[in-house]
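Structure file structure37.cif; described as mmCIF, N, CA and C atoms.
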```cif
data_query
#
loop_
_atom_site.label_atom_id
_atom_site.label_comp_id
_atom_site.auth_asym_id
_atom_site.auth_seq_id
_atom_site.Cartn_x
_atom_site.Cartn_y
_atom_site.Cartn_z
N GLN A 1 0.83 -1.19 0.00
CA GLN A 1 0.00 0.00 0.00
C GLN A 1 0.87 1.25 0.00
N PRO A 2 0.55 2.21 -0.85
CA PRO A 2 1.29 3.47 -0.83
C PRO A 2 1.09 4.21 0.50
N LEU A 3 2.15 4.81 0.98
CA LEU A 3 2.10 5.55 2.24
C LEU A 3 1.97 7.04 1.95
N PRO A 4 0.84 7.67 2.38
CA PRO A 4 0.67 9.11 2.10
C PRO A 4 1.71 9.95 2.83
N MET A 5 2.29 10.91 2.12
CA MET A 5 3.26 11.82 2.71
C MET A 5 2.68 13.24 2.79
N VAL A 6 1.96 13.65 1.74
CA VAL A 6 1.35 14.99 1.68
C VAL A 6 -0.08 14.82 1.20
N LYS A 7 -1.04 15.30 1.99
CA LYS A 7 -2.45 15.28 1.57
C LYS A 7 -3.00 16.69 1.73
N VAL A 8 -3.13 17.38 0.62
CA VAL A 8 -3.64 18.74 0.60
C VAL A 8 -5.17 18.70 0.64
N SER A 9 -5.77 19.39 1.60
CA SER A 9 -7.23 19.44 1.69
C SER A 9 -7.78 20.41 0.64
N PRO A 10 -8.92 20.04 0.05
CA PRO A 10 -9.51 20.95 -0.94
C PRO A 10 -10.08 22.20 -0.27
N GLU A 11 -10.03 23.31 -0.98
CA GLU A 11 -10.65 24.55 -0.49
C GLU A 11 -12.15 24.45 -0.71
N TYR A 12 -12.91 24.80 0.31
CA TYR A 12 -14.36 24.74 0.20
C TYR A 12 -14.82 25.81 -0.78
N PRO A 13 -15.61 25.46 -1.79
CA PRO A 13 -16.07 26.46 -2.75
C PRO A 13 -16.91 27.55 -2.06
N SER A 14 -16.67 28.79 -2.41
CA SER A 14 -17.35 29.90 -1.73
C SER A 14 -18.87 29.82 -1.89
N GLN A 15 -19.35 29.41 -3.06
CA GLN A 15 -20.79 29.29 -3.26
C GLN A 15 -21.39 28.22 -2.35
N ALA A 16 -20.65 27.14 -2.12
CA ALA A 16 -21.13 26.09 -1.21
C ALA A 16 -21.16 26.60 0.22
N THR A 17 -20.19 27.43 0.59
CA THR A 17 -20.17 28.02 1.93
C THR A 17 -21.36 28.95 2.12
N ILE A 18 -21.60 29.81 1.14
CA ILE A 18 -22.70 30.76 1.23
C ILE A 18 -24.04 30.04 1.35
N LYS A 19 -24.22 28.98 0.57
CA LYS A 19 -25.49 28.25 0.57
C LYS A 19 -25.57 27.18 1.66
N GLY A 20 -24.46 26.93 2.36
CA GLY A 20 -24.45 25.88 3.39
C GLY A 20 -24.49 24.49 2.79
N THR A 21 -23.98 24.35 1.58
CA THR A 21 -24.00 23.06 0.89
C THR A 21 -22.91 22.14 1.42
N GLU A 22 -23.29 20.92 1.72
CA GLU A 22 -22.34 19.89 2.13
C GLU A 22 -22.42 18.75 1.14
N GLY A 23 -21.36 17.95 1.08
CA GLY A 23 -21.36 16.82 0.17
C GLY A 23 -20.08 16.03 0.25
N PHE A 24 -19.89 15.17 -0.73
CA PHE A 24 -18.68 14.36 -0.79
C PHE A 24 -18.34 14.02 -2.23
N VAL A 25 -17.09 13.63 -2.43
CA VAL A 25 -16.62 13.20 -3.75
C VAL A 25 -15.76 11.96 -3.55
N ASP A 26 -16.09 10.89 -4.25
CA ASP A 26 -15.26 9.68 -4.25
C ASP A 26 -14.37 9.71 -5.49
N VAL A 27 -13.07 9.49 -5.29
CA VAL A 27 -12.14 9.50 -6.41
C VAL A 27 -11.31 8.23 -6.43
N VAL A 28 -10.81 7.90 -7.60
CA VAL A 28 -9.82 6.85 -7.76
C VAL A 28 -8.65 7.46 -8.52
N PHE A 29 -7.46 6.95 -8.27
CA PHE A 29 -6.27 7.47 -8.94
C PHE A 29 -5.14 6.47 -8.83
N ASP A 30 -4.13 6.67 -9.64
CA ASP A 30 -2.93 5.86 -9.61
C ASP A 30 -1.83 6.64 -8.90
N VAL A 31 -0.91 5.91 -8.30
CA VAL A 31 0.28 6.52 -7.69
C VAL A 31 1.47 6.06 -8.50
N THR A 32 2.26 7.03 -8.99
CA THR A 32 3.43 6.71 -9.81
C THR A 32 4.57 6.20 -8.94
N GLU A 33 5.61 5.73 -9.57
CA GLU A 33 6.78 5.26 -8.82
C GLU A 33 7.46 6.38 -8.04
N THR A 34 7.26 7.63 -8.47
CA THR A 34 7.86 8.76 -7.77
C THR A 34 6.96 9.26 -6.64
N GLY A 35 5.75 8.70 -6.52
CA GLY A 35 4.85 9.09 -5.44
C GLY A 35 3.81 10.12 -5.83
N ALA A 36 3.77 10.53 -7.10
CA ALA A 36 2.78 11.50 -7.56
C ALA A 36 1.47 10.78 -7.90
N THR A 37 0.38 11.54 -7.95
CA THR A 37 -0.90 10.97 -8.35
C THR A 37 -1.15 11.27 -9.83
N GLU A 38 -1.82 10.35 -10.51
CA GLU A 38 -2.18 10.55 -11.91
C GLU A 38 -3.45 9.76 -12.21
N ASN A 39 -4.02 10.02 -13.37
CA ASN A 39 -5.26 9.35 -13.78
C ASN A 39 -6.36 9.51 -12.72
N ILE A 40 -6.50 10.71 -12.21
CA ILE A 40 -7.49 10.99 -11.16
C ILE A 40 -8.87 11.05 -11.81
N GLN A 41 -9.80 10.26 -11.27
CA GLN A 41 -11.15 10.21 -11.82
C GLN A 41 -12.17 10.26 -10.70
N ILE A 42 -13.25 10.97 -10.94
CA ILE A 42 -14.34 11.03 -9.98
C ILE A 42 -15.25 9.84 -10.22
N VAL A 43 -15.51 9.08 -9.17
CA VAL A 43 -16.38 7.92 -9.24
C VAL A 43 -17.82 8.32 -8.93
N HIS A 44 -17.98 9.15 -7.90
CA HIS A 44 -19.32 9.58 -7.48
C HIS A 44 -19.18 10.89 -6.71
N ALA A 45 -20.13 11.77 -6.89
CA ALA A 45 -20.14 13.04 -6.17
C ALA A 45 -21.57 13.36 -5.76
N GLU A 46 -21.72 13.87 -4.56
CA GLU A 46 -23.04 14.25 -4.05
C GLU A 46 -22.91 15.57 -3.31
N PRO A 47 -23.51 16.64 -3.74
CA PRO A 47 -24.23 16.81 -5.00
C PRO A 47 -23.26 16.82 -6.16
N GLU A 48 -23.79 16.55 -7.34
CA GLU A 48 -22.94 16.46 -8.52
C GLU A 48 -22.31 17.79 -8.87
N LYS A 49 -21.02 17.76 -9.20
CA LYS A 49 -20.24 18.85 -9.79
C LYS A 49 -19.97 20.06 -8.89
N ILE A 50 -20.46 20.09 -7.67
CA ILE A 50 -20.21 21.24 -6.80
C ILE A 50 -18.76 21.25 -6.31
N PHE A 51 -18.26 20.07 -5.91
CA PHE A 51 -16.93 19.98 -5.31
C PHE A 51 -15.89 19.33 -6.23
N ASN A 52 -16.30 18.90 -7.41
CA ASN A 52 -15.42 18.13 -8.30
C ASN A 52 -14.09 18.82 -8.60
N SER A 53 -14.13 20.05 -9.04
CA SER A 53 -12.89 20.71 -9.48
C SER A 53 -11.92 20.93 -8.33
N VAL A 54 -12.42 21.31 -7.15
CA VAL A 54 -11.50 21.54 -6.03
C VAL A 54 -10.90 20.23 -5.54
N VAL A 55 -11.66 19.15 -5.61
CA VAL A 55 -11.13 17.84 -5.20
C VAL A 55 -10.08 17.37 -6.19
N LEU A 56 -10.34 17.52 -7.48
CA LEU A 56 -9.35 17.11 -8.49
C LEU A 56 -8.04 17.88 -8.32
N LYS A 57 -8.12 19.18 -8.09
CA LYS A 57 -6.92 20.00 -7.88
C LYS A 57 -6.17 19.56 -6.62
N SER A 58 -6.91 19.24 -5.59
CA SER A 58 -6.30 18.84 -4.33
C SER A 58 -5.58 17.50 -4.46
N VAL A 59 -6.26 16.50 -5.01
CA VAL A 59 -5.67 15.17 -5.15
C VAL A 59 -4.45 15.21 -6.07
N ALA A 60 -4.45 16.09 -7.05
CA ALA A 60 -3.29 16.22 -7.94
C ALA A 60 -2.05 16.67 -7.18
N ARG A 61 -2.23 17.29 -6.03
CA ARG A 61 -1.09 17.76 -5.23
C ARG A 61 -0.67 16.77 -4.15
N TRP A 62 -1.41 15.68 -3.98
CA TRP A 62 -1.04 14.67 -2.99
C TRP A 62 0.25 13.98 -3.40
N LYS A 63 1.03 13.60 -2.40
CA LYS A 63 2.29 12.89 -2.64
C LYS A 63 2.36 11.67 -1.73
N TYR A 64 2.89 10.61 -2.27
CA TYR A 64 3.06 9.37 -1.54
C TYR A 64 4.53 9.00 -1.47
N LYS A 65 4.88 8.18 -0.51
CA LYS A 65 6.27 7.74 -0.39
C LYS A 65 6.62 6.95 -1.65
N PRO A 66 7.70 7.35 -2.33
CA PRO A 66 8.08 6.65 -3.57
C PRO A 66 8.45 5.19 -3.30
N LYS A 67 8.22 4.38 -4.31
CA LYS A 67 8.62 2.98 -4.20
C LYS A 67 10.14 2.90 -4.22
N ILE A 68 10.67 2.10 -3.36
CA ILE A 68 12.12 1.88 -3.34
C ILE A 68 12.36 0.48 -3.91
N PRO A 69 13.07 0.41 -5.02
CA PRO A 69 13.28 -0.91 -5.61
C PRO A 69 14.10 -1.80 -4.68
N ILE A 70 13.74 -3.06 -4.65
CA ILE A 70 14.48 -4.03 -3.85
C ILE A 70 15.60 -4.59 -4.73
N ILE A 71 16.81 -4.37 -4.28
CA ILE A 71 17.98 -4.82 -5.02
C ILE A 71 18.53 -6.06 -4.33
N PRO A 72 18.61 -7.15 -5.05
CA PRO A 72 19.15 -8.36 -4.41
C PRO A 72 20.60 -8.15 -3.99
N TYR A 73 20.92 -8.68 -2.85
CA TYR A 73 22.28 -8.57 -2.33
C TYR A 73 22.82 -9.97 -2.13
N PHE A 74 23.91 -10.26 -2.79
CA PHE A 74 24.51 -11.59 -2.68
C PHE A 74 25.89 -11.48 -2.05
N LEU A 75 26.19 -12.41 -1.20
CA LEU A 75 27.53 -12.46 -0.57
C LEU A 75 28.43 -13.39 -1.33
#
```

Do you think you could lay out the structure here as structure tokens?
Amino acid sequence: QPLPMVKVSPEYPSQATIKGTEGFVDVVFDVTETGATENIQIVHAEPEKIFNSVVLKSVARWKYKPKIPIIPYFL
């Protein structure tokens, strides 16, 4: 499992704050060997499209601990 190192929280959209709108967004994404996120996709959002863009921007800035290749060591 990738180990999260940086998780940037999305900024609450001002219109959602003014209207008191709450919701959630489910996303899926890949973690590269360098620990960056890519192929970020929204699976489900409630309400639709209110929080999508801020969540996508936020997840794009997340960083995970990079994979360290295992190098065989022989004596």

**OP:** Measuring atom to atom with only C-alpha atoms, identify which of A:Ala36, A:Val43, A:Ile50, A:Leu56 is nearest to Ser14 of chain A.
**Re:**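 Counting only C-alpha atoms, the residue closest to Ser14 of chain A is A:Ile50.
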
**OP:** List every residue of chain A that DSSP, applied to the backbone, labels as strand (DSSP E), and write the result as a count of residues only.
**Re:** 23

Non-local contacts of Val55 of chain A (6.5 Å; only N, CA and C atoms; under 4 positions in same chain excluded) as a PDB file with N, CA and C atoms, in the frame of the given file:
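That gives us part_16.pdb:
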```pdb
ATOM      1  N   PRO A  10      -8.920  20.040   0.050  1.00  0.00           N
ATOM      2  CA  PRO A  10      -9.510  20.950  -0.940  1.00  0.00           C
ATOM      3  C   PRO A  10     -10.080  22.200  -0.270  1.00  0.00           C
ATOM      4  N   GLU A  11     -10.030  23.310  -0.980  1.00  0.00           N
ATOM      5  CA  GLU A  11     -10.650  24.550  -0.490  1.00  0.00           C
ATOM      6  C   GLU A  11     -12.150  24.450  -0.710  1.00  0.00           C
ATOM      7  N   PHE A  51     -18.260  20.070  -5.910  1.00  0.00           N
ATOM      8  CA  PHE A  51     -16.930  19.980  -5.310  1.00  0.00           C
ATOM      9  C   PHE A  51     -15.890  19.330  -6.230  1.00  0.00           C
ATOM     10  N   VAL A  59      -6.260  16.500  -5.010  1.00  0.00           N
ATOM     11  CA  VAL A  59      -5.670  15.170  -5.150  1.00  0.00           C
ATOM     12  C   VAL A  59      -4.450  15.210  -6.070  1.00  0.00           C
ATOM     13  N   ALA A  60      -4.450  16.090  -7.050  1.00  0.00           N
ATOM     14  CA  ALA A  60      -3.290  16.220  -7.940  1.00  0.00           C
ATOM     15  C   ALA A  60      -2.050  16.670  -7.180  1.00  0.00           C
TER      16      ALA A  60
END
```

**OP:** Using the chain letters and numbers from the file, give me the residues hit by the PyMOL selection byres ((chain A and resi 41) around 5), as a list in words.
**Re:** Val27, Val28, Asn39, Ile40, Ile42 and Val43 of chain A

If I put a ball of radius 9 Å at (3.6, 8.8, -7.1) in the file's coordinates, which residues poke into it when counting only C-alpha atoms, written as a JSON list (two decimals) with N, CA and C atoms, in the frame of the given file?
```
[["chain", "number", "residue", "atom", "x", "y", "z"],
["A", 2, "PRO", "N", 0.55, 2.21, -0.85],
["A", 2, "PRO", "CA", 1.29, 3.47, -0.83],
["A", 2, "PRO", "C", 1.09, 4.21, 0.50],
["A", 30, "ASP", "N", -4.13, 6.67, -9.64],
["A", 30, "ASP", "CA", -2.93, 5.86, -9.61],
["A", 30, "ASP", "C", -1.83, 6.64, -8.90],
["A", 31, "VAL", "N", -0.91, 5.91, -8.30],
["A", 31, "VAL", "CA", 0.28, 6.52, -7.69],
["A", 31, "VAL", "C", 1.47, 6.06, -8.50],
["A", 32, "THR", "N", 2.26, 7.03, -8.99],
["A", 32, "THR", "CA", 3.43, 6.71, -9.81],
["A", 32, "THR", "C", 4.57, 6.20, -8.94],
["A", 33, "GLU", "N", 5.61, 5.73, -9.57],
["A", 33, "GLU", "CA", 6.78, 5.26, -8.82],
["A", 33, "GLU", "C", 7.46, 6.38, -8.04],
["A", 34, "THR", "N", 7.26, 7.63, -8.47],
["A", 34, "THR", "CA", 7.86, 8.76, -7.77],
["A", 34, "THR", "C", 6.96, 9.26, -6.64],
["A", 35, "GLY", "N", 5.75, 8.70, -6.52],
["A", 35, "GLY", "CA", 4.85, 9.09, -5.44],
["A", 35, "GLY", "C", 3.81, 10.12, -5.83],
["A", 36, "ALA", "N", 3.77, 10.53, -7.10],
["A", 36, "ALA", "CA", 2.78, 11.50, -7.56],
["A", 36, "ALA", "C", 1.47, 10.78, -7.90],
["A", 37, "THR", "N", 0.38, 11.54, -7.95],
["A", 37, "THR", "CA", -0.90, 10.97, -8.35],
["A", 37, "THR", "C", -1.15, 11.27, -9.83],
["A", 38, "GLU", "N", -1.82, 10.35, -10.51],
["A", 38, "GLU", "CA", -2.18, 10.55, -11.91],
["A", 38, "GLU", "C", -3.45, 9.76, -12.21],
["A", 62, "TRP", "N", -1.41, 15.68, -3.98],
["A", 62, "TRP", "CA", -1.04, 14.67, -2.99],
["A", 62, "TRP", "C", 0.25, 13.98, -3.40],
["A", 63, "LYS", "N", 1.03, 13.60, -2.40],
["A", 63, "LYS", "CA", 2.29, 12.89, -2.64],
["A", 63, "LYS", "C", 2.36, 11.67, -1.73],
["A", 64, "TYR", "N", 2.89, 10.61, -2.27],
["A", 64, "TYR", "CA", 3.06, 9.37, -1.54],
["A", 64, "TYR", "C", 4.53, 9.00, -1.47],
["A", 65, "LYS", "N", 4.88, 8.18, -0.51],
["A", 65, "LYS", "CA", 6.27, 7.74, -0.39],
["A", 65, "LYS", "C", 6.62, 6.95, -1.65],
["A", 66, "PRO", "N", 7.70, 7.35, -2.33],
["A", 66, "PRO", "CA", 8.08, 6.65, -3.57],
["A", 66, "PRO", "C", 8.45, 5.19, -3.30],
["A", 67, "LYS", "N", 8.22, 4.38, -4.31],
["A", 67, "LYS", "CA", 8.62, 2.98, -4.20],
["A", 67, "LYS", "C", 10.14, 2.90, -4.22]]
```

Subject >> atom N of Arg61 of chain A to atom C of Pro13 of chain A, distance in Å rounded to a single decimal >> reply: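 Computing the Euclidean distance for atom N of Arg61 of chain A and atom C of Pro13 of chain A yields 18.3 Å.
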
Subject >> DSSP helix (DSSP H, G or I) residues within segment 17-72 of chain A, listed as a ChimeraX atom specification >> reply: /A:17-19,52-60

**OP:** Just say which residues the PyMOL selection byres (((chain A and resi 25 and name CA) around 6) and name CA) picks in this file, as number ranges by chain.
**Re:** A: 24, 26, 44-45

**OP:** Rounded to one decimal place, report the atom CA of Leu3 of chain A-atom N of Asn52 of chain A distance in Å.
**Re:** 24.7 Å

Original post:
Do you have the atom N of Glu46 of chain A-atom CA of Val6 of chain A distance handy?
Top reply: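 Atom-to-atom, atom N of Glu46 of chain A and atom CA of Val6 of chain A are spaced 23.9 Å apart.
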